[in-house]
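One structure below.
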Amino acid sequence: MRTLVYRGPRVLTLEQAEVPSPAPGEIVVRVEAVGICGSELEGYLGHSSVRVPPLVMGHEFAGEVAFRASDADRFDIGAKVVVNPLLACGACDRCREGRPNICRDRRIVGIHRPGAFAEYVAVPEACAIAVPQAMDMATASLAEPLAVCIHAAKLGLAPFGDVLVFGAGPIGLLTVQAARRMGARRILAVDRQPARLAFAERLGAAVSTPDLLDSRYREVFGLAGTDTVIDCVGVESTRQQALALVNPGGKIVLVGLGHDRTTLPLNHAVRQEVSLIGSYTYTAADFDQAVALLASGAVTREGWTALCGLGQASESFATLADGTNPNGKIIVDPRL
Ligand SMILES: [Zn+2]
Ligand SMILES: [Zn+2]
């Protein structure tokens with residue numbers, strides 16, 4: 001089979017490999033759609049401490065069950081599935097309290113074991129979720145990033161009020177859609193790139209560039225301001241603006257991993273009782289909710305995503321990393 005191997009910073013090579021055989025408890029999925037994630041762009045550039053070459057990345061994927069181990073019979077051959085790539089131990093204290101995303105021994109498909117930038121990928125059958133047979137598989141592959149956004153929205157929006165979202169890349173755009181479906185009222189999305197803001201506007205958000213944010217914030221939220229900020233970028237400037245703008249007693253949900261170190265006026269957070277909340281991946285319930293929103297058509301990939309084959313994926317990584325790709329998100333179909 002063909003597989004895309006990360007060999008080092010900015011080097012992704014198309015290589016031949018054996019089709020994986022399923023270990024006990026596993027199925028092998030024929031990949032029909034795998035999204036390129038922002039975290040993988042960081043990996044591609046050599047900025048990720050967890051993505052060590054040689055590695056087959058790919059953790060946002062959907063496809064068809066092609067083979068299965070003799071003890072893995074939950075799915076028929078040919079069944080369409082989306083895969084939750086977060087493999088939690090199921091036994092530690094965090095797992096037992098229903099928080100597998102912060103499992104003390106978590107592993108992720110595409111980081112700790114071969115991922116889906118390949119024609120086939122082996123996964124534990126327990127992490128596969130059935131989707132309707134007729135569902136668009138590229139849409140199904142959005143379940144993973146959408147689940148990230150649903151998790152963040154739940155941490156920040158209770159009850160569901162207004163929200164300021166930093167970033168209108170894939171996670172920002174899915175956060176806008178998730179927050180809206182979950183009952184958020186006014187949504188203001190902030191990004192530097194006009195093309196991305198146009199996507200956010202089409203999805204129903206008010207938009208602003210960072211330099212105009214102070215005045216746009218007052219126009220959109222009025223004197224009441226907003227109690228919730230979701231930062232899908234995670235650099236010093238977005239974190240500082242979030243802290244400066246959020247209401248006293250408000251919450252800043254930190255999703256983006258742009259900078260590891262940030263200088264912030266934390267005494268302001270103390271005096272105003274602002275909560276800084278880390279949000280990482282999702283629970284099984286968040287993932288199921290993401291699949292349901294996509295299957296029902298409430299969240300779509302229309303107008304902000306594009307498809308390419310495995311042969312063009314390396315170039316897509318390069319243009320996405322350089323900011324020259326005009327699409328919000330690229331989804332790879334290894335059959336193309
Ligand atoms: Zn991702
Ligand atoms: Zn665990």
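Order determines the names: the first chain of the structure tokens is A, the second B, and so forth; residues in each chain are numbered 1 upward, and ligands are numbered 1 upward as they are shown.
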
Selection near range 26-32 of chain A, 7 Å with only C-alpha atoms, sequence-local residues under 4 positions removed, as a PyMOL selection string: chain A and resi 21-22+61-69+72+116+119-125+137+333-335

Next, write the just-selected residues to a file, as a PDB file, in the first residue's frame, keeping C-alpha atoms as the atom set.
ATOM      1  CA  SER A  21      -2.652  -7.005   9.732  1.00  0.00           C
ATOM      2  CA  PRO A  22      -4.966  -6.623  12.695  1.00  0.00           C
ATOM      3  CA  PHE A  61     -10.056   9.809   9.681  1.00  0.00           C
ATOM      4  CA  ALA A  62     -12.952   7.760   8.427  1.00  0.00           C
ATOM      5  CA  GLY A  63     -13.245   4.799   6.102  1.00  0.00           C
ATOM      6  CA  GLU A  64     -14.444   1.269   5.608  1.00  0.00           C
ATOM      7  CA  VAL A  65     -13.706  -1.827   7.690  1.00  0.00           C
ATOM      8  CA  ALA A  66     -11.462  -3.952   5.433  1.00  0.00           C
ATOM      9  CA  PHE A  67     -10.160  -6.706   7.736  1.00  0.00           C
ATOM     10  CA  ARG A  68     -10.655  -7.692  11.352  1.00  0.00           C
ATOM     11  CA  ALA A  69      -9.047  -9.927  13.952  1.00  0.00           C
ATOM     12  CA  ALA A  72     -13.089  -8.341  16.668  1.00  0.00           C
ATOM     13  CA  ALA A 116      -4.063   7.259   8.588  1.00  0.00           C
ATOM     14  CA  GLU A 119      -4.352   3.386   2.296  1.00  0.00           C
ATOM     15  CA  TYR A 120      -4.953   1.206   5.370  1.00  0.00           C
ATOM     16  CA  VAL A 121      -4.591   1.684   9.106  1.00  0.00           C
ATOM     17  CA  ALA A 122      -4.996  -0.803  11.986  1.00  0.00           C
ATOM     18  CA  VAL A 123      -6.875   0.397  15.084  1.00  0.00           C
ATOM     19  CA  PRO A 124      -8.479  -1.211  18.150  1.00  0.00           C
ATOM     20  CA  GLU A 125     -12.086  -1.933  17.185  1.00  0.00           C
ATOM     21  CA  MET A 137     -16.550  10.292   4.489  1.00  0.00           C
ATOM     22  CA  ASP A 333      -8.609  10.796   0.176  1.00  0.00           C
ATOM     23  CA  PRO A 334      -5.957   8.055  -0.372  1.00  0.00           C
ATOM     24  CA  ARG A 335      -8.136   6.510  -3.101  1.00  0.00           C
TER      25      ARG A 335
END

Surroundings of ligand 2 up to 9 Å, based on only C-alpha atoms and all ligand atoms, as a list in words: Leu87, Ala88, Cys89, Gly90, Ala91, Cys92, Asp93, Arg94, Cys95, Arg96, Arg99, Pro100, Asn101, Ile102, Cys103, Arg104, Asp105 and Arg106 of chain A

9 Å shell around ligand 1 using only C-alpha atoms and all ligand atoms, listed as a VMD selection string: chain A and resid 35 to 40 58 to 60 144 to 145 148 171 281

Using all heavy atoms, can you write the selected residues to a file as an mmCIF file, in the first residue's frame?
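Contents of part.cif, as written:
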data_model
loop_
_atom_site.group_PDB
_atom_site.id
_atom_site.type_symbol
_atom_site.label_atom_id
_atom_site.label_comp_id
_atom_site.auth_asym_id
_atom_site.auth_seq_id
_atom_site.Cartn_x
_atom_site.Cartn_y
_atom_site.Cartn_z
ATOM 1 N N GLY A 35 -8.045 14.099 7.542
ATOM 2 C CA GLY A 35 -7.794 15.533 7.548
ATOM 3 C C GLY A 35 -6.372 15.869 7.970
ATOM 4 O O GLY A 35 -5.759 15.150 8.761
ATOM 5 N N ILE A 36 -5.856 16.965 7.403
ATOM 6 C CA ILE A 36 -4.562 17.490 7.856
ATOM 7 C C ILE A 36 -4.839 18.445 8.999
ATOM 8 O O ILE A 36 -5.541 19.442 8.846
ATOM 9 C CB ILE A 36 -3.829 18.225 6.708
ATOM 10 C CG1 ILE A 36 -3.540 17.260 5.552
ATOM 11 C CG2 ILE A 36 -2.531 18.855 7.236
ATOM 12 C CD1 ILE A 36 -2.882 17.917 4.339
ATOM 13 N N CYS A 37 -4.290 18.119 10.181
ATOM 14 C CA CYS A 37 -4.550 18.878 11.403
ATOM 15 C C CYS A 37 -3.479 19.950 11.602
ATOM 16 O O CYS A 37 -2.316 19.751 11.232
ATOM 17 C CB CYS A 37 -4.544 17.906 12.579
ATOM 18 S SG CYS A 37 -4.650 18.691 14.188
ATOM 19 N N GLY A 38 -3.851 21.055 12.215
ATOM 20 C CA GLY A 38 -2.887 22.105 12.519
ATOM 21 C C GLY A 38 -1.724 21.604 13.366
ATOM 22 O O GLY A 38 -0.579 22.014 13.177
ATOM 23 N N SER A 39 -2.015 20.684 14.287
ATOM 24 C CA SER A 39 -0.939 20.147 15.132
ATOM 25 C C SER A 39 0.053 19.355 14.281
ATOM 26 O O SER A 39 1.244 19.283 14.599
ATOM 27 C CB SER A 39 -1.524 19.262 16.235
ATOM 28 O OG SER A 39 -2.117 18.106 15.685
ATOM 29 N N GLU A 40 -0.437 18.778 13.176
ATOM 30 C CA GLU A 40 0.468 18.026 12.299
ATOM 31 C C GLU A 40 1.327 18.956 11.447
ATOM 32 O O GLU A 40 2.428 18.588 11.031
ATOM 33 C CB GLU A 40 -0.347 17.068 11.426
ATOM 34 C CG GLU A 40 -0.950 15.975 12.281
ATOM 35 C CD GLU A 40 -1.940 15.093 11.565
ATOM 36 O OE1 GLU A 40 -2.622 15.548 10.622
ATOM 37 O OE2 GLU A 40 -2.055 13.925 11.966
ATOM 38 N N GLY A 58 -1.718 11.347 10.932
ATOM 39 C CA GLY A 58 -3.108 11.139 10.512
ATOM 40 C C GLY A 58 -3.964 10.615 11.639
ATOM 41 O O GLY A 58 -3.931 9.421 11.953
ATOM 42 N N HIS A 59 -4.728 11.532 12.297
ATOM 43 C CA HIS A 59 -5.589 11.096 13.404
ATOM 44 C C HIS A 59 -7.038 11.533 13.230
ATOM 45 O O HIS A 59 -7.867 11.296 14.095
ATOM 46 C CB HIS A 59 -5.031 11.604 14.737
ATOM 47 C CG HIS A 59 -4.903 13.091 14.814
ATOM 48 N ND1 HIS A 59 -3.746 13.766 14.519
ATOM 49 C CD2 HIS A 59 -5.807 14.058 15.110
ATOM 50 C CE1 HIS A 59 -3.940 15.064 14.640
ATOM 51 N NE2 HIS A 59 -5.186 15.273 15.002
ATOM 52 N N GLU A 60 -7.344 12.199 12.098
ATOM 53 C CA GLU A 60 -8.736 12.623 11.843
ATOM 54 C C GLU A 60 -9.208 11.825 10.635
ATOM 55 O O GLU A 60 -9.030 12.258 9.505
ATOM 56 C CB GLU A 60 -8.757 14.122 11.496
ATOM 57 C CG GLU A 60 -8.097 15.013 12.525
ATOM 58 C CD GLU A 60 -8.054 16.478 12.089
ATOM 59 O OE1 GLU A 60 -8.450 16.795 10.950
ATOM 60 O OE2 GLU A 60 -7.616 17.304 12.895
ATOM 61 N N GLU A 144 -13.368 14.216 14.580
ATOM 62 C CA GLU A 144 -12.297 14.397 15.583
ATOM 63 C C GLU A 144 -12.079 15.874 15.916
ATOM 64 O O GLU A 144 -12.183 16.274 17.079
ATOM 65 C CB GLU A 144 -11.017 13.694 15.107
ATOM 66 C CG GLU A 144 -10.006 13.443 16.208
ATOM 67 C CD GLU A 144 -9.059 14.591 16.469
ATOM 68 O OE1 GLU A 144 -9.003 15.560 15.676
ATOM 69 O OE2 GLU A 144 -8.360 14.551 17.484
ATOM 70 N N PRO A 145 -11.791 16.732 14.915
ATOM 71 C CA PRO A 145 -11.617 18.148 15.291
ATOM 72 C C PRO A 145 -12.890 18.785 15.851
ATOM 73 O O PRO A 145 -12.815 19.638 16.735
ATOM 74 C CB PRO A 145 -11.185 18.819 13.973
ATOM 75 C CG PRO A 145 -11.550 17.868 12.884
ATOM 76 C CD PRO A 145 -11.490 16.502 13.484
ATOM 77 N N VAL A 148 -13.110 18.129 19.491
ATOM 78 C CA VAL A 148 -12.228 19.049 20.223
ATOM 79 C C VAL A 148 -12.981 20.336 20.563
ATOM 80 O O VAL A 148 -12.917 20.853 21.688
ATOM 81 C CB VAL A 148 -10.970 19.386 19.370
ATOM 82 C CG1 VAL A 148 -10.186 20.548 19.969
ATOM 83 C CG2 VAL A 148 -10.082 18.154 19.207
ATOM 84 N N ILE A 171 -10.127 24.601 13.463
ATOM 85 C CA ILE A 171 -10.672 24.463 14.821
ATOM 86 C C ILE A 171 -11.548 25.676 15.161
ATOM 87 O O ILE A 171 -12.626 25.540 15.739
ATOM 88 C CB ILE A 171 -9.534 24.274 15.843
ATOM 89 C CG1 ILE A 171 -8.823 22.931 15.589
ATOM 90 C CG2 ILE A 171 -10.064 24.330 17.276
ATOM 91 C CD1 ILE A 171 -9.654 21.695 15.877
ATOM 92 N N THR A 281 -8.409 17.637 23.629
ATOM 93 C CA THR A 281 -9.191 16.586 22.954
ATOM 94 C C THR A 281 -10.637 16.522 23.482
ATOM 95 O O THR A 281 -11.297 17.544 23.548
ATOM 96 C CB THR A 281 -8.491 15.208 22.983
ATOM 97 O OG1 THR A 281 -8.414 14.694 24.304
ATOM 98 C CG2 THR A 281 -7.109 15.299 22.361
#

DSSP-assigned strand (DSSP E) members of range 219-325 of chain A, reported as a VMD selection string: chain A and resid 228 to 231 251 to 254 275 to 278 305 to 308

Of the listed residues A:Ile129, A:Ala134, A:Val109, A:Val299, that which approaches Leu174 in chain A most closely, counting only C-alpha atoms: A:Val299

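Distances from A:Ala143, A:Ala128, A:Val246, A:Met135 to His268 in chain A were compared using only C-alpha atoms, and the smallest one belongs to A:Val246.
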
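CA of Pro265 in chain A is found 19.6 Å from CA of Leu164 in chain A.
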
Just the residues within 8 Å of Leu188 in chain A, please, counting only C-alpha atoms, with nothing from its chain fewer than 6 positions along; format it as a JSON list (two decimals) with all heavy atoms, in the first residue's frame.
[["chain", "number", "residue", "atom", "x", "y", "z"],
["A", 163, "VAL", "N", -19.77, 34.43, 22.79],
["A", 163, "VAL", "CA", -18.41, 33.90, 22.82],
["A", 163, "VAL", "C", -17.52, 34.63, 21.82],
["A", 163, "VAL", "O", -17.93, 34.95, 20.71],
["A", 163, "VAL", "CB", -18.40, 32.37, 22.60],
["A", 163, "VAL", "CG1", -19.02, 31.98, 21.26],
["A", 163, "VAL", "CG2", -16.98, 31.81, 22.69],
["A", 164, "LEU", "N", -16.30, 34.89, 22.27],
["A", 164, "LEU", "CA", -15.25, 35.45, 21.43],
["A", 164, "LEU", "C", -14.30, 34.31, 21.08],
["A", 164, "LEU", "O", -13.81, 33.61, 21.97],
["A", 164, "LEU", "CB", -14.50, 36.54, 22.21],
["A", 164, "LEU", "CG", -13.23, 37.13, 21.59],
["A", 164, "LEU", "CD1", -13.52, 37.83, 20.27],
["A", 164, "LEU", "CD2", -12.58, 38.11, 22.59],
["A", 165, "VAL", "N", -14.10, 34.06, 19.79],
["A", 165, "VAL", "CA", -13.27, 32.94, 19.34],
["A", 165, "VAL", "C", -12.03, 33.48, 18.64],
["A", 165, "VAL", "O", -12.14, 34.21, 17.65],
["A", 165, "VAL", "CB", -14.06, 32.03, 18.36],
["A", 165, "VAL", "CG1", -13.17, 30.88, 17.85],
["A", 165, "VAL", "CG2", -15.31, 31.47, 19.03],
["A", 205, "ALA", "N", -20.74, 34.06, 12.00],
["A", 205, "ALA", "CA", -20.05, 34.80, 13.06],
["A", 205, "ALA", "C", -19.81, 36.24, 12.63],
["A", 205, "ALA", "O", -19.65, 36.53, 11.46],
["A", 205, "ALA", "CB", -18.72, 34.13, 13.39],
["A", 206, "ALA", "N", -19.78, 37.16, 13.60],
["A", 206, "ALA", "CA", -19.21, 38.48, 13.36],
["A", 206, "ALA", "C", -17.70, 38.28, 13.34],
["A", 206, "ALA", "O", -17.20, 37.34, 13.96],
["A", 206, "ALA", "CB", -19.62, 39.44, 14.46],
["A", 207, "VAL", "N", -16.98, 39.13, 12.62],
["A", 207, "VAL", "CA", -15.54, 38.89, 12.49],
["A", 207, "VAL", "C", -14.73, 40.15, 12.73],
["A", 207, "VAL", "O", -15.25, 41.28, 12.63],
["A", 207, "VAL", "CB", -15.19, 38.31, 11.09],
["A", 207, "VAL", "CG1", -15.90, 36.99, 10.86],
["A", 207, "VAL", "CG2", -15.52, 39.31, 9.99],
["A", 208, "SER", "N", -13.44, 39.95, 13.05],
["A", 208, "SER", "CA", -12.53, 41.08, 13.25],
["A", 208, "SER", "C", -11.10, 40.63, 13.02],
["A", 208, "SER", "O", -10.76, 39.47, 13.26],
["A", 208, "SER", "CB", -12.66, 41.61, 14.68],
["A", 208, "SER", "OG", -11.75, 42.66, 14.90],
["A", 217, "TYR", "N", -15.21, 44.45, 19.31],
["A", 217, "TYR", "CA", -15.69, 43.78, 20.52],
["A", 217, "TYR", "C", -16.85, 44.57, 21.12],
["A", 217, "TYR", "O", -17.89, 44.01, 21.47],
["A", 217, "TYR", "CB", -14.53, 43.67, 21.52],
["A", 217, "TYR", "CG", -14.87, 42.97, 22.81],
["A", 217, "TYR", "CD1", -14.72, 41.59, 22.95],
["A", 217, "TYR", "CD2", -15.30, 43.69, 23.93],
["A", 217, "TYR", "CE1", -15.00, 40.95, 24.15],
["A", 217, "TYR", "CE2", -15.59, 43.05, 25.14],
["A", 217, "TYR", "CZ", -15.43, 41.69, 25.24],
["A", 217, "TYR", "OH", -15.72, 41.06, 26.42],
["A", 220, "VAL", "N", -20.00, 44.44, 18.88],
["A", 220, "VAL", "CA", -20.71, 43.15, 18.87],
["A", 220, "VAL", "C", -21.32, 42.84, 20.24],
["A", 220, "VAL", "O", -22.49, 42.43, 20.33],
["A", 220, "VAL", "CB", -19.77, 42.01, 18.42],
["A", 220, "VAL", "CG1", -20.44, 40.64, 18.58],
["A", 220, "VAL", "CG2", -19.33, 42.22, 16.97]]

Residues near Gly46 in chain A, cut-off 7 Å, only C-alpha atoms, skip fewer than 2 positions along chain, as a list in words: Gly8, Pro9, Glu42, Gly43, Tyr44 and Ser48 of chain A

Residues just named, written with all heavy atoms as a short mmCIF file (atom, residue, chain, number, x, y, z; two decimals), in the first residue's frame:
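File produced: selection05.cif:
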data_model
loop_
_atom_site.label_atom_id
_atom_site.label_comp_id
_atom_site.auth_asym_id
_atom_site.auth_seq_id
_atom_site.Cartn_x
_atom_site.Cartn_y
_atom_site.Cartn_z
N GLY A 8 11.31 13.95 8.59
CA GLY A 8 12.06 15.02 9.25
C GLY A 8 11.44 16.34 8.85
O GLY A 8 10.52 16.36 8.02
N PRO A 9 11.90 17.46 9.45
CA PRO A 9 11.28 18.75 9.16
C PRO A 9 11.10 19.02 7.67
O PRO A 9 12.06 18.93 6.90
CB PRO A 9 12.23 19.75 9.81
CG PRO A 9 12.83 18.98 10.94
CD PRO A 9 12.96 17.57 10.45
N GLU A 42 2.54 21.69 12.68
CA GLU A 42 3.63 21.96 13.63
C GLU A 42 4.62 20.80 13.61
O GLU A 42 5.84 21.00 13.64
CB GLU A 42 3.08 22.18 15.04
CG GLU A 42 2.23 23.42 15.20
CD GLU A 42 3.00 24.70 14.89
OE1 GLU A 42 4.15 24.81 15.32
OE2 GLU A 42 2.44 25.58 14.20
N GLY A 43 4.09 19.58 13.58
CA GLY A 43 4.95 18.39 13.49
C GLY A 43 5.78 18.40 12.21
O GLY A 43 7.00 18.18 12.24
N TYR A 44 5.13 18.71 11.11
CA TYR A 44 5.79 18.77 9.79
C TYR A 44 6.95 19.76 9.81
O TYR A 44 8.00 19.52 9.20
CB TYR A 44 4.72 19.18 8.77
CG TYR A 44 5.22 19.57 7.41
CD1 TYR A 44 5.64 18.60 6.49
CD2 TYR A 44 5.25 20.90 7.01
CE1 TYR A 44 6.08 18.96 5.23
CE2 TYR A 44 5.68 21.27 5.74
CZ TYR A 44 6.10 20.29 4.86
OH TYR A 44 6.53 20.65 3.62
N SER A 48 7.04 19.92 16.89
CA SER A 48 6.28 19.12 17.85
C SER A 48 7.20 18.14 18.56
O SER A 48 7.91 17.37 17.92
CB SER A 48 5.16 18.35 17.12
OG SER A 48 4.64 17.33 17.93
#

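Remark: for Ile330 in chain A, the closest of the candidate residues A:Ile230, A:Asn267, A:Val34, A:His112 is A:Val34 (distances computed over only C-alpha atoms).
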
Alpha helix (DSSP H) positions in range 98-210 of chain A, given as a PyMOL selection string: chain A and resi 137-140+143-156+170-181+194-202

Selected residues written out with C-alpha atoms, as a PDB file, in the first residue's frame:
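See result-v4.pdb below for the written result:
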ATOM      1  CA  MET A 137     -16.550  10.292   4.489  1.00  0.00           C
ATOM      2  CA  ALA A 138     -14.716  13.635   4.308  1.00  0.00           C
ATOM      3  CA  THR A 139     -17.491  15.079   6.455  1.00  0.00           C
ATOM      4  CA  ALA A 140     -17.195  12.106   8.822  1.00  0.00           C
ATOM      5  CA  ALA A 143     -15.696  14.307  13.851  1.00  0.00           C
ATOM      6  CA  GLU A 144     -12.297  14.397  15.583  1.00  0.00           C
ATOM      7  CA  PRO A 145     -11.617  18.148  15.291  1.00  0.00           C
ATOM      8  CA  LEU A 146     -15.297  18.926  15.916  1.00  0.00           C
ATOM      9  CA  ALA A 147     -15.169  16.867  19.110  1.00  0.00           C
ATOM     10  CA  VAL A 148     -12.228  19.049  20.223  1.00  0.00           C
ATOM     11  CA  CYS A 149     -14.427  22.125  19.732  1.00  0.00           C
ATOM     12  CA  ILE A 150     -17.459  20.637  21.473  1.00  0.00           C
ATOM     13  CA  HIS A 151     -15.288  19.780  24.464  1.00  0.00           C
ATOM     14  CA  ALA A 152     -13.933  23.341  24.605  1.00  0.00           C
ATOM     15  CA  ALA A 153     -17.383  24.873  24.213  1.00  0.00           C
ATOM     16  CA  LYS A 154     -18.720  22.761  27.086  1.00  0.00           C
ATOM     17  CA  LEU A 155     -15.891  23.930  29.328  1.00  0.00           C
ATOM     18  CA  GLY A 156     -16.517  27.575  28.498  1.00  0.00           C
ATOM     19  CA  PRO A 170     -10.333  24.596  11.026  1.00  0.00           C
ATOM     20  CA  ILE A 171     -10.672  24.463  14.821  1.00  0.00           C
ATOM     21  CA  GLY A 172     -11.930  28.053  15.013  1.00  0.00           C
ATOM     22  CA  LEU A 173     -14.456  27.486  12.226  1.00  0.00           C
ATOM     23  CA  LEU A 174     -15.710  24.273  13.814  1.00  0.00           C
ATOM     24  CA  THR A 175     -15.882  26.025  17.191  1.00  0.00           C
ATOM     25  CA  VAL A 176     -18.084  28.714  15.643  1.00  0.00           C
ATOM     26  CA  GLN A 177     -20.407  26.017  14.283  1.00  0.00           C
ATOM     27  CA  ALA A 178     -20.372  23.920  17.456  1.00  0.00           C
ATOM     28  CA  ALA A 179     -21.005  26.910  19.721  1.00  0.00           C
ATOM     29  CA  ARG A 180     -23.906  28.029  17.556  1.00  0.00           C
ATOM     30  CA  ARG A 181     -25.497  24.550  17.546  1.00  0.00           C
ATOM     31  CA  PRO A 194      -9.199  37.841   5.440  1.00  0.00           C
ATOM     32  CA  ALA A 195     -10.002  34.577   3.587  1.00  0.00           C
ATOM     33  CA  ARG A 196     -10.490  32.773   6.869  1.00  0.00           C
ATOM     34  CA  LEU A 197     -12.666  35.571   8.235  1.00  0.00           C
ATOM     35  CA  ALA A 198     -14.835  35.250   5.124  1.00  0.00           C
ATOM     36  CA  PHE A 199     -15.401  31.562   5.980  1.00  0.00           C
ATOM     37  CA  ALA A 200     -16.334  32.498   9.557  1.00  0.00           C
ATOM     38  CA  GLU A 201     -18.713  35.177   8.351  1.00  0.00           C
ATOM     39  CA  ARG A 202     -20.455  32.682   6.054  1.00  0.00           C
TER      40      ARG A 202
END

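Among A:Arg218, A:Arg113, A:Arg261, A:Arg301, the residue with the shortest atom-to-atom distance to Lys329 in chain A, counting only C-alpha atoms, is A:Arg301.
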
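Remark: for Val274 in chain A, the closest of the candidate residues A:Arg2, A:Lys251, A:Arg74, A:His259 is A:Lys251 (distances computed over only C-alpha atoms).
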
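Residue nearest Gln241 in chain A, chosen from A:Leu14, A:Leu257, A:Leu264, A:Leu203 and counting only C-alpha atoms: A:Leu264.
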
Point-to-point distance from CA of Arg107 in chain A to CA of Thr305 in chain A, Å rounded to tenths: 27.7 Å

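If you count only C-alpha atoms and ignore residues fewer than 2 places along the chain from Phe117 in chain A, what sits within 7 Å of it is Thr3, Leu4, Val34, Val56, Met57, Gly58 and Gly115 of chain A.
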
Take the selection from the previous step and output its residues with all heavy atoms, as a JSON list (two decimals), in the first residue's frame.
[["chain", "number", "residue", "atom", "x", "y", "z"],
["A", 3, "THR", "N", 1.86, 4.92, 1.51],
["A", 3, "THR", "CA", 1.78, 5.57, 2.81],
["A", 3, "THR", "C", 2.66, 6.82, 2.78],
["A", 3, "THR", "O", 3.65, 6.87, 2.06],
["A", 3, "THR", "CB", 2.22, 4.57, 3.92],
["A", 3, "THR", "OG1", 2.23, 5.24, 5.15],
["A", 3, "THR", "CG2", 3.59, 3.99, 3.66],
["A", 4, "LEU", "N", 2.26, 7.82, 3.54],
["A", 4, "LEU", "CA", 3.00, 9.08, 3.56],
["A", 4, "LEU", "C", 3.79, 9.13, 4.87],
["A", 4, "LEU", "O", 3.20, 9.16, 5.95],
["A", 4, "LEU", "CB", 2.01, 10.24, 3.49],
["A", 4, "LEU", "CG", 2.59, 11.63, 3.25],
["A", 4, "LEU", "CD1", 3.14, 11.75, 1.83],
["A", 4, "LEU", "CD2", 1.51, 12.69, 3.47],
["A", 34, "VAL", "N", -8.87, 11.57, 5.42],
["A", 34, "VAL", "CA", -8.04, 11.88, 6.60],
["A", 34, "VAL", "C", -7.65, 13.35, 6.53],
["A", 34, "VAL", "O", -7.04, 13.80, 5.56],
["A", 34, "VAL", "CB", -6.82, 10.93, 6.72],
["A", 34, "VAL", "CG1", -6.05, 10.82, 5.41],
["A", 34, "VAL", "CG2", -5.88, 11.40, 7.85],
["A", 56, "VAL", "N", 4.08, 7.86, 10.46],
["A", 56, "VAL", "CA", 2.90, 8.07, 9.63],
["A", 56, "VAL", "C", 1.90, 8.81, 10.50],
["A", 56, "VAL", "O", 1.40, 8.27, 11.49],
["A", 56, "VAL", "CB", 2.31, 6.74, 9.12],
["A", 56, "VAL", "CG1", 1.06, 7.01, 8.29],
["A", 56, "VAL", "CG2", 3.34, 5.99, 8.29],
["A", 57, "MET", "N", 1.64, 10.09, 10.17],
["A", 57, "MET", "CA", 0.68, 10.88, 10.95],
["A", 57, "MET", "C", -0.75, 10.56, 10.48],
["A", 57, "MET", "O", -0.97, 9.66, 9.69],
["A", 57, "MET", "CB", 1.01, 12.37, 10.79],
["A", 57, "MET", "CG", 2.38, 12.73, 11.34],
["A", 57, "MET", "SD", 2.69, 14.51, 11.50],
["A", 57, "MET", "CE", 3.02, 14.98, 9.81],
["A", 58, "GLY", "N", -1.72, 11.35, 10.93],
["A", 58, "GLY", "CA", -3.11, 11.14, 10.51],
["A", 58, "GLY", "C", -3.96, 10.62, 11.64],
["A", 58, "GLY", "O", -3.93, 9.42, 11.95],
["A", 115, "GLY", "N", -0.53, 6.23, 11.83],
["A", 115, "GLY", "CA", -1.79, 6.89, 11.57],
["A", 115, "GLY", "C", -2.32, 6.65, 10.17],
["A", 115, "GLY", "O", -1.93, 5.69, 9.50]]
